[in-house]
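Containing compact mmCIF, C-alpha atoms: protein-v8.txt.
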```txt
# COMPACT_ATOMS: atom_id res chain seq x y z
CA MET A 1 15.95 -13.47 -9.19
CA VAL A 2 12.71 -12.48 -10.77
CA HIS A 3 10.63 -14.74 -8.46
CA GLU A 4 11.71 -12.67 -5.49
CA GLN A 5 10.14 -9.66 -7.11
CA ALA A 6 6.69 -10.97 -6.18
CA ALA A 7 7.21 -9.36 -2.76
CA GLY A 8 8.26 -6.00 -4.18
CA PHE A 9 5.29 -6.17 -6.54
CA ALA A 10 2.86 -7.01 -3.72
CA LEU A 11 4.21 -4.03 -1.76
CA ASP A 12 4.05 -1.72 -4.83
CA ALA A 13 7.76 -1.15 -4.32
CA LEU A 14 9.15 -2.04 -7.74
CA ASP A 15 10.58 0.58 -10.06
CA ALA A 16 8.76 0.96 -13.37
CA GLU A 17 11.25 -1.22 -15.22
CA ASP A 18 11.09 -4.03 -12.66
CA THR A 19 7.29 -3.83 -12.63
CA ALA A 20 7.17 -4.35 -16.38
CA GLU A 21 9.66 -7.21 -16.17
CA PHE A 22 7.75 -8.91 -13.38
CA GLU A 23 4.42 -8.52 -15.16
CA ARG A 24 5.89 -10.19 -18.24
CA HIS A 25 7.19 -13.00 -16.06
CA LEU A 26 3.89 -13.33 -14.23
CA ALA A 27 2.10 -14.02 -17.48
CA ILE A 28 4.16 -17.16 -18.04
CA CYS A 29 4.83 -18.36 -14.48
CA PRO A 30 1.83 -19.86 -12.63
CA ASP A 31 4.00 -20.44 -9.56
CA CYS A 32 4.70 -16.75 -9.25
CA GLU A 33 1.05 -15.97 -9.78
CA GLU A 34 0.14 -18.19 -6.83
CA GLU A 35 2.95 -16.83 -4.71
CA LEU A 36 1.90 -13.29 -5.52
CA ALA A 37 -1.70 -14.00 -4.48
CA ARG A 38 -0.45 -15.24 -1.09
CA LEU A 39 1.92 -12.33 -0.62
CA GLN A 40 -0.81 -9.85 -1.52
CA VAL A 41 -2.96 -11.20 1.30
CA ALA A 42 -0.05 -10.63 3.70
CA ALA A 43 0.58 -7.14 2.31
CA ALA A 44 -3.09 -6.17 2.62
CA ALA A 45 -3.07 -7.37 6.23
CA LEU A 46 -0.52 -4.64 6.96
CA ALA A 47 -3.32 -2.11 6.49
CA PHE A 48 -4.85 -3.40 9.72
CA ALA A 49 -1.71 -2.76 11.79
CA ILE A 50 -2.07 1.02 11.75
CA ASP A 51 -4.25 3.62 13.33
CA LEU A 52 -7.60 3.67 11.54
CA PRO A 53 -9.47 6.93 12.07
CA VAL A 54 -13.11 7.02 10.98
CA PRO A 55 -13.44 8.75 7.59
CA ARG A 56 -15.78 11.69 7.09
CA ALA A 57 -19.34 10.72 6.20
CA GLU A 58 -18.97 12.60 2.91
CA LEU A 59 -16.55 9.97 1.70
CA ARG A 60 -19.28 7.34 1.68
CA LEU A 61 -21.44 9.62 -0.43
CA ARG A 62 -18.58 10.24 -2.85
CA VAL A 63 -17.93 6.53 -3.17
CA LEU A 64 -21.60 5.87 -3.85
CA GLU A 65 -21.70 8.58 -6.50
CA THR A 66 -19.18 6.36 -8.20
CA GLY A 67 -21.93 3.82 -8.49
CA ALA A 68 -23.86 5.95 -10.94
CA PRO A 69 -26.74 4.33 -12.74
CA VAL A 70 -25.46 1.74 -15.11
CA ILE A 71 -27.83 0.49 -17.76
CA PRO A 72 -26.87 -3.11 -18.35
CA LEU A 73 -27.21 -3.96 -22.00
CA ARG A 74 -28.06 -7.51 -22.88
CA ARG A 75 -27.78 -9.23 -26.15
CA ARG A 76 -31.11 -10.42 -27.43
CA ARG A 77 -31.21 -13.70 -29.26
CA ARG A 78 -34.34 -13.32 -31.35
CA PRO A 79 -33.47 -12.95 -35.04
CA GLN A 80 -34.44 -9.68 -36.66
CA LEU A 81 -36.49 -9.83 -39.82
CA VAL A 82 -35.46 -6.45 -41.09
CA ALA A 83 -32.63 -6.72 -43.56
CA ALA A 84 -30.45 -3.68 -43.43
CA THR A 85 -27.54 -4.31 -45.70
CA ALA A 86 -25.09 -1.83 -47.07
CA LEU A 87 -26.51 1.05 -45.13
CA ALA A 88 -24.21 3.55 -43.56
CA ALA A 89 -23.88 2.87 -39.85
CA ALA A 90 -25.54 6.13 -38.95
CA CYS A 91 -28.55 5.31 -41.08
CA ILE A 92 -28.92 1.95 -39.42
CA ALA A 93 -28.85 3.53 -36.03
CA ALA A 94 -31.51 5.97 -37.17
CA VAL A 95 -33.64 3.02 -38.22
CA VAL A 96 -33.13 1.48 -34.82
CA LEU A 97 -34.40 4.60 -33.20
CA ALA A 98 -37.33 4.96 -35.53
CA ARG A 99 -38.65 1.43 -35.28
CA PRO A 100 -40.19 0.00 -32.15
CA TRP A 101 -38.08 -3.10 -32.28
CA ASP A 102 -38.44 -5.48 -29.45
CA GLY A 103 -35.91 -8.00 -30.63
CA GLY A 104 -32.25 -7.90 -31.46
CA GLY A 105 -29.54 -10.16 -32.73
CA SER A 106 -28.05 -10.15 -36.15
CA ILE A 107 -29.20 -7.68 -38.77
CA GLY A 108 -27.44 -7.95 -42.08
CA GLY A 109 -24.22 -9.01 -40.38
CA LEU A 110 -24.56 -6.43 -37.61
CA GLN A 111 -24.83 -7.49 -33.99
CA ARG A 112 -27.29 -5.51 -31.98
CA TYR A 113 -27.14 -5.13 -28.21
CA THR A 114 -30.04 -3.48 -26.59
CA ALA A 115 -30.96 -2.28 -23.15
CA GLN A 116 -34.20 -3.17 -21.50
CA GLY A 117 -36.75 -0.56 -22.37
CA ALA A 118 -34.55 0.21 -25.39
CA LYS A 119 -32.89 3.18 -23.75
CA ALA A 120 -29.66 2.33 -25.49
CA THR A 121 -28.70 0.32 -28.51
CA LEU A 122 -25.27 -0.63 -29.71
CA LEU A 123 -24.78 -1.85 -33.24
CA VAL A 124 -21.54 -3.59 -34.08
CA GLY A 125 -20.57 -4.47 -37.63
CA PRO A 126 -18.49 -7.43 -38.80
CA SER A 127 -15.20 -5.58 -38.53
CA GLY A 128 -16.06 -3.98 -35.21
CA GLU A 129 -17.38 -0.66 -36.52
CA ALA A 130 -20.03 0.46 -34.08
CA VAL A 131 -22.78 2.95 -33.48
CA LEU A 132 -24.32 3.76 -30.16
CA SER A 133 -27.71 5.30 -29.76
CA VAL A 134 -29.08 6.36 -26.44
CA GLY A 135 -32.56 7.55 -25.65
CA HIS A 136 -33.65 9.62 -22.67
CA LEU A 137 -30.16 10.90 -22.02
CA PRO A 138 -30.42 14.31 -20.37
CA PRO A 139 -28.25 17.08 -21.86
CA PRO A 140 -24.82 17.05 -20.21
CA PRO A 141 -24.10 19.68 -17.54
CA ALA A 142 -22.75 23.04 -18.78
CA GLY A 143 -19.18 22.74 -20.04
CA LYS A 144 -19.40 18.93 -20.10
CA THR A 145 -19.94 16.36 -22.77
CA TYR A 146 -20.68 12.64 -23.02
CA GLU A 147 -17.72 10.59 -24.12
CA MET A 148 -17.78 6.99 -25.33
CA TRP A 149 -15.22 4.35 -24.38
CA VAL A 150 -14.22 0.95 -25.64
CA ILE A 151 -13.05 -1.28 -22.80
CA VAL A 152 -10.98 -4.16 -24.00
CA GLY A 153 -8.34 -6.30 -22.31
CA GLY A 154 -8.51 -4.20 -19.16
CA LYS A 155 -7.83 -1.00 -21.11
CA THR A 156 -10.29 1.85 -21.46
CA LEU A 157 -9.83 3.62 -24.77
CA PRO A 158 -11.52 6.85 -25.89
CA ALA A 159 -14.03 6.28 -28.70
CA GLY A 160 -15.33 9.75 -29.47
CA LEU A 161 -17.94 12.12 -28.11
CA LEU A 162 -21.63 11.37 -27.96
CA ARG A 163 -23.47 14.51 -29.02
CA GLY A 164 -27.21 14.14 -29.19
CA SER A 165 -28.61 10.67 -29.04
CA LEU A 166 -26.40 8.75 -31.41
CA ALA A 167 -22.84 8.59 -32.62
CA ALA A 168 -20.45 6.32 -34.44
CA LEU A 169 -17.58 5.13 -32.31
CA THR A 170 -14.18 6.30 -33.51
CA ARG A 171 -12.56 2.94 -32.84
CA PRO A 172 -13.67 -0.63 -33.51
CA VAL A 173 -15.38 -2.75 -30.87
CA PRO A 174 -13.79 -6.21 -30.87
CA PRO A 175 -15.82 -9.23 -29.66
CA GLY A 176 -16.00 -9.35 -25.86
CA ALA A 177 -15.24 -5.66 -25.48
CA SER A 178 -17.49 -3.28 -23.57
CA VAL A 179 -18.71 0.13 -24.58
CA ALA A 180 -19.25 2.74 -21.93
CA VAL A 181 -20.27 6.39 -21.67
CA SER A 182 -19.19 8.94 -19.10
CA VAL A 183 -19.53 12.66 -18.49
CA GLU A 184 -16.30 14.50 -19.33
CA PRO A 185 -15.05 18.07 -19.79
CA ALA A 186 -16.28 19.53 -23.10
CA ALA A 187 -13.12 18.66 -25.04
CA GLY A 188 -13.23 15.03 -23.90
CA SER A 189 -10.61 13.17 -21.86
CA PRO A 190 -8.01 10.52 -22.70
CA GLN A 191 -9.29 8.44 -19.73
CA PRO A 192 -12.71 8.54 -18.07
CA THR A 193 -12.75 10.99 -15.18
CA GLY A 194 -16.49 10.77 -14.48
CA PRO A 195 -18.54 7.74 -13.50
CA LEU A 196 -19.57 5.35 -16.25
CA LEU A 197 -23.23 5.99 -16.96
CA LEU A 198 -23.79 3.11 -19.23
CA ARG A 199 -21.92 -0.01 -20.03
CA ALA A 200 -22.63 -2.45 -22.79
CA GLU A 201 -20.88 -5.81 -22.82
CA THR A 202 -20.61 -7.46 -26.20
CA ALA A 203 -20.41 -11.17 -26.79
CA MET B 1 -37.68 4.35 2.85
CA SER B 2 -35.27 1.72 4.11
CA ASN B 3 -32.70 2.92 1.60
CA VAL B 4 -32.79 6.37 3.07
CA THR B 5 -32.35 4.93 6.54
CA ASP B 6 -29.39 2.90 5.36
CA TYR B 7 -27.82 5.98 3.84
CA ILE B 8 -28.24 7.93 7.03
CA ARG B 9 -26.79 5.09 9.05
CA GLY B 10 -23.93 4.92 6.60
CA GLU B 11 -23.26 8.63 6.96
CA ALA B 12 -23.10 8.20 10.67
CA GLY B 13 -20.29 5.69 10.16
CA SER B 14 -22.39 2.59 9.82
CA LYS B 15 -21.51 -0.59 11.60
CA ARG B 16 -21.96 -3.66 9.54
CA SER B 17 -24.35 -5.29 11.98
CA THR B 18 -26.90 -2.59 11.18
CA ALA B 19 -26.12 -2.12 7.53
CA GLY B 20 -29.46 -3.24 6.15
CA ASN B 21 -30.35 -6.46 4.47
CA LEU B 22 -27.05 -7.03 2.67
CA GLY B 23 -25.13 -7.58 5.88
CA HIS B 24 -25.42 -11.35 5.73
CA LEU B 25 -23.88 -11.63 2.27
CA SER B 26 -20.28 -12.70 1.72
CA ASP B 27 -17.84 -10.26 0.15
CA GLU B 28 -17.90 -12.36 -3.00
CA ALA B 29 -21.68 -12.18 -3.22
CA LEU B 30 -21.56 -8.42 -2.78
CA LEU B 31 -18.98 -8.15 -5.52
CA ALA B 32 -21.21 -10.19 -7.82
CA LEU B 33 -24.03 -7.73 -7.14
CA VAL B 34 -21.69 -4.80 -7.74
CA SER B 35 -20.70 -6.29 -11.09
CA ARG B 36 -24.38 -6.14 -12.02
CA GLY B 37 -24.61 -2.48 -11.09
CA ASP B 38 -26.00 -2.82 -7.56
CA GLU B 39 -25.20 0.39 -5.75
CA ALA B 40 -26.35 -0.83 -2.33
CA ALA B 41 -23.85 -3.67 -2.56
CA LEU B 42 -21.08 -1.16 -3.26
CA GLY B 43 -22.23 0.74 -0.17
CA GLU B 44 -22.06 -2.41 1.92
CA LEU B 45 -18.52 -3.16 0.72
CA TYR B 46 -17.60 0.40 1.62
CA ASP B 47 -19.10 -0.07 5.08
CA ARG B 48 -16.94 -3.14 5.56
CA TYR B 49 -13.64 -1.86 4.18
CA GLY B 50 -13.98 1.91 3.77
CA ARG B 51 -12.45 2.64 7.14
CA VAL B 52 -9.37 0.48 6.70
CA ALA B 53 -9.07 1.73 3.11
CA TYR B 54 -9.15 5.33 4.29
CA GLY B 55 -6.79 4.66 7.20
CA LEU B 56 -4.28 3.07 4.82
CA ALA B 57 -4.51 5.89 2.29
CA LEU B 58 -4.21 8.50 5.03
CA ARG B 59 -1.18 6.76 6.47
CA ILE B 60 0.58 6.86 3.12
CA LEU B 61 -0.58 10.28 1.96
CA ARG B 62 -0.77 12.22 5.24
CA ASP B 63 -3.48 14.36 3.74
CA ARG B 64 -7.19 13.90 4.25
CA SER B 65 -8.34 15.11 0.90
CA LEU B 66 -5.74 13.09 -1.06
CA ALA B 67 -6.61 10.03 1.02
CA GLU B 68 -10.28 10.50 0.15
CA ASP B 69 -9.37 10.78 -3.53
CA ALA B 70 -7.43 7.53 -3.35
CA VAL B 71 -10.32 5.70 -1.67
CA GLN B 72 -12.87 7.04 -4.12
CA GLU B 73 -10.75 6.07 -7.11
CA ALA B 74 -10.15 2.61 -5.69
CA PHE B 75 -13.89 2.04 -5.23
CA LEU B 76 -14.49 3.37 -8.72
CA ALA B 77 -12.15 0.62 -9.93
CA VAL B 78 -14.11 -1.88 -7.81
CA TRP B 79 -17.33 -0.66 -9.42
CA ARG B 80 -15.93 -0.98 -12.91
CA SER B 81 -13.97 -4.19 -12.65
CA ALA B 82 -15.88 -6.32 -10.13
CA GLY B 83 -16.89 -8.82 -12.83
CA THR B 84 -13.34 -9.25 -14.11
CA PHE B 85 -12.00 -9.70 -10.61
CA LEU B 86 -14.62 -12.29 -9.64
CA ALA B 87 -13.38 -14.52 -12.43
CA GLU B 88 -9.96 -14.59 -10.77
CA HIS B 89 -11.28 -15.99 -7.47
CA GLY B 90 -9.20 -13.79 -5.21
CA LYS B 91 -10.22 -12.34 -1.85
CA PRO B 92 -12.31 -9.20 -2.35
CA SER B 93 -10.87 -7.46 0.73
CA THR B 94 -7.31 -8.06 -0.49
CA TRP B 95 -8.22 -6.75 -3.90
CA ILE B 96 -9.82 -3.60 -2.52
CA LEU B 97 -6.86 -2.84 -0.28
CA THR B 98 -4.44 -3.59 -3.13
CA LEU B 99 -6.27 -1.04 -5.27
CA VAL B 100 -6.24 1.55 -2.49
CA HIS B 101 -2.55 0.98 -1.81
CA ARG B 102 -1.55 1.27 -5.43
CA ARG B 103 -3.56 4.44 -5.88
CA ALA B 104 -2.18 6.01 -2.69
CA VAL B 105 1.40 5.13 -3.61
CA ASP B 106 0.93 6.60 -7.10
CA LEU B 107 -0.37 9.80 -5.54
CA VAL B 108 2.34 10.04 -2.89
CA ARG B 109 5.05 9.59 -5.50
CA ARG B 110 3.52 12.33 -7.56
CA GLU B 111 3.06 14.65 -4.59
CA GLU B 112 6.41 13.79 -3.04
CA ARG B 113 4.93 13.66 0.40
CA ARG B 114 6.45 10.44 1.57
CA ARG B 115 7.15 10.04 5.25
CA ALA B 116 8.77 7.24 7.14
CA ASP B 117 7.33 7.46 10.61
CA PRO B 118 7.12 4.27 12.61
CA ILE B 119 3.71 2.73 13.23
CA ASP B 120 1.73 4.59 15.86
CA GLU B 121 0.71 2.56 18.84
CA LEU B 122 -2.87 3.74 19.17
CA ALA B 123 -2.14 7.40 18.58
CA HIS B 124 -5.82 8.35 18.70
CA PRO B 125 -8.51 6.98 20.90
CA THR B 126 -10.55 4.76 18.63
CA GLY B 127 -13.96 5.67 19.86
CA GLU B 128 -16.84 3.64 21.18
CA ALA B 129 -16.70 -0.02 22.02
CA THR B 130 -18.52 -1.30 18.98
CA ASP B 131 -18.15 -4.68 17.33
CA GLU B 132 -16.23 -3.02 14.57
CA GLU B 133 -13.80 -1.45 17.02
CA ALA B 134 -13.25 -4.74 18.81
CA TRP B 135 -12.70 -6.54 15.53
CA LEU B 136 -10.27 -3.93 14.22
CA ARG B 137 -8.39 -3.94 17.51
CA ALA B 138 -8.01 -7.71 17.37
CA GLN B 139 -6.79 -7.61 13.77
CA ARG B 140 -4.36 -4.87 14.63
CA GLN B 141 -2.92 -6.80 17.53
CA VAL B 142 -2.34 -9.92 15.45
CA VAL B 143 -0.64 -8.07 12.60
CA GLN B 144 1.50 -5.94 14.90
CA GLU B 145 2.60 -9.00 16.82
CA ALA B 146 3.54 -10.78 13.60
CA LEU B 147 5.51 -7.71 12.48
CA ARG B 148 7.41 -7.67 15.77
CA LYS B 149 8.55 -11.24 15.18
CA LEU B 150 10.28 -10.31 11.93
CA PRO B 151 14.01 -9.58 11.94
CA PRO B 152 14.27 -5.78 12.24
CA ASP B 153 15.90 -5.21 8.85
CA GLN B 154 13.13 -7.15 7.08
CA ARG B 155 10.44 -5.36 9.02
CA GLU B 156 12.00 -2.02 8.20
CA ALA B 157 12.11 -2.74 4.46
CA ILE B 158 8.48 -3.88 4.43
CA GLU B 159 7.17 -0.97 6.49
CA LEU B 160 9.03 1.68 4.54
CA ALA B 161 7.76 0.22 1.30
CA TYR B 162 4.16 -0.38 2.33
CA TYR B 163 3.45 2.61 4.55
CA GLY B 164 6.04 5.00 3.14
CA GLY B 165 5.62 4.30 -0.56
CA PHE B 166 9.36 3.93 -1.16
CA THR B 167 10.59 1.86 -4.08
CA GLN B 168 13.29 -0.76 -3.67
CA SER B 169 15.99 1.40 -5.23
CA GLU B 170 15.02 4.38 -3.08
CA LEU B 171 15.28 2.15 -0.04
CA ALA B 172 18.66 0.79 -1.14
CA GLU B 173 19.94 4.34 -1.30
CA ARG B 174 18.25 5.46 1.89
CA LEU B 175 19.45 2.49 3.91
CA GLY B 176 22.87 2.31 2.26
CA GLN B 177 22.37 -1.30 1.19
CA PRO B 178 22.78 -3.07 -2.15
CA LEU B 179 19.53 -3.33 -4.13
CA GLY B 180 19.74 -7.13 -4.03
CA THR B 181 19.78 -7.06 -0.23
CA ILE B 182 16.63 -4.94 -0.11
CA LYS B 183 14.88 -7.28 -2.54
CA SER B 184 15.76 -10.33 -0.45
CA ARG B 185 14.70 -8.64 2.78
CA MET B 186 11.32 -7.83 1.32
CA PHE B 187 10.85 -11.28 -0.09
CA THR B 188 11.94 -13.22 2.98
CA GLY B 189 10.16 -10.80 5.29
CA LEU B 190 6.84 -10.84 3.49
CA ARG B 191 6.88 -14.63 3.15
CA THR B 192 7.62 -15.00 6.85
CA LEU B 193 4.90 -12.50 7.68
CA ARG B 194 2.44 -14.45 5.59
CA GLY B 195 3.33 -17.62 7.55
CA LEU B 196 3.04 -15.87 10.91
CA LEU B 197 -0.35 -14.43 10.01
CA ALA B 198 -1.62 -17.80 8.88
CA GLU B 199 -0.37 -19.36 12.13
CA ALA B 200 -2.20 -16.70 14.08
CA GLY B 201 -5.31 -17.61 12.12
CA LEU B 202 -5.70 -14.11 10.74
CA ASP B 203 -8.47 -13.52 8.34
CA VAL B 204 -8.38 -10.07 6.80
CA ASP B 205 -11.95 -10.48 5.66
CA ALA B 206 -14.68 -8.83 7.67
CA PRO B 207 -16.57 -11.07 10.09
CA SER B 208 -19.96 -12.13 8.83
```

The structure given in the file should be rewritten as structure tokens.
Amino acid sequence: MVHEQAAGFALDALDAEDTAEFERHLAICPDCEEELARLQVAAAALAFAIDLPVPRAELRLRVLETGAPVIPLRRRRRPQLVAATALAAACIAAVVLARPWDGGGSIGGLQRYTAQGAKATLLVGPSGEAVLSVGHLPPPPAGKTYEMWVIVGGKTLPAGLLRGSLAALTRPVPPGASVAVSVEPAAGSPQPTGPLLLRAETA
Amino acid sequence: MSNVTDYIRGEAGSKRSTAGNLGHLSDEALLALVSRGDEAALGELYDRYGRVAYGLALRILRDRSLAEDAVQEAFLAVWRSAGTFLAEHGKPSTWILTLVHRRAVDLVRREERRRADPIDELAHPTGEATDEEAWLRAQRQVVQEALRKLPPDQREAIELAYYGGFTQSELAERLGQPLGTIKSRMFTGLRTLRGLLAEAGLDVDAPS
């Protein structure tokens, strides 16, 4: 009975195959979703039944390093007067950097998302092609690089390395996706291993 | 300078009553701040649940440094996904502990360090008589009592899964029972536990 598997799922005790099966079921069964939420509360309560030694103080510092500075990017509504059609994405980004724009919005079919103080700008074209430019980004530590990510549907996908202050993303940015940057080993990583330094939500 | 003071307090194993000006906020409000990149709010959530998160990870992993990794990764997930989670209207403390558990179980399966010791009854002295200690002790009593009321075979299946990181098929083999029996024990046991905890009025959220 697949409903019963809510308990195994809440206890992280399902085998890979059963996990996949239950997740598929969960997507179409609101009853199981509710049941799972209740069982997860019970499972989490089990954490309180055991001996709870005080963690080392360093752990708090490590956790807070996680919370690295995130520059929230907001979409500006003001229409841009500059028409920039048929330019290569890199050129457009260069224009963005060169001009002291204070607005954003749609430019020749491109959506622009900009950070306050214009430290970072993300340009997204009609089919999701995107360019990210970042100002004031210090050089990465020795042996490290900045890597870009597209976060969509709960998945974080690699989108190329950010060398210098601007780069075209190697994968499209669908509407509602986020773009993030993290510090990674020089060759890049398949999944972010460092904290996300910047995160841009698109609309 | 108050930030510095808060950090120092935090390093000393901060108690939530002294955790600065975020202490009055609900877990949900803190999560909303975290989703907007508020580091102090992440620190406050850690002060509320870091200890139980670490205790859980340590119980599963039996290794301090792996347990710390699991906690850090879980809070990294909190930092990244707070906004998404808020939209689902769940309990933040449950979510955090679910993340920690999943991470710790992943690690223990990779490291093959699973153990199946029974729950310690206060193996270590738990330190000074702070509010936090009193609260944790009360929570612990309620949950242990509820566990004791479960039929032993259900309790065993739940404990081996949750604290030991065993999968259902591993448990079937280990306990010499059909897989279906293990599944039913977990289901019936966890549902009963949920009812017992609700009866006891347990709230796994931190007190405000």

| message | Show me, as a VMD selection string, the residues of chain A whose atoms get within 8 Å of chain B, using all atoms listed in the file for the distance check. | response | chain A and resid 4 to 8 11 to 15 37 to 55 57 to 64 66 to 72 195

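Coordinates place CA of Ala32 in chain B at a distance of 28.4 Å from CA of Thr130 in chain B.
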
| note | Here CA of Ser189 in chain A and CA of Ala159 in chain A stand apart by 10.3 Å

| request: Find the spatial neighbours of Pro190 in chain A, counting all atoms listed in the file, within a cut-off of 12 Å - ignore same-chain residues fewer than 5 positions away - and output them as a list of chain:residue names. | output: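 The filter keeps A:Glu147, A:Met148, A:Trp149, A:Val150, A:Lys155, A:Thr156, A:Leu157, A:Pro158, A:Ala159, A:Gly160, A:Leu161, A:Ser182, A:Glu184, A:Pro185.
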
| request: Can you work out the spacing between CA of Leu66 in chain B and CA of Ala104 in chain B in Å, to one decimal? | output: 8.1 Å

| query | What lies within 12 Å of Ala87 in chain B using all atoms listed in the file, ignoring chain neighbours under 5 positions off, as a PyMOL selection string? | reply | chain B and resi 28+31-32+35+81-82+92
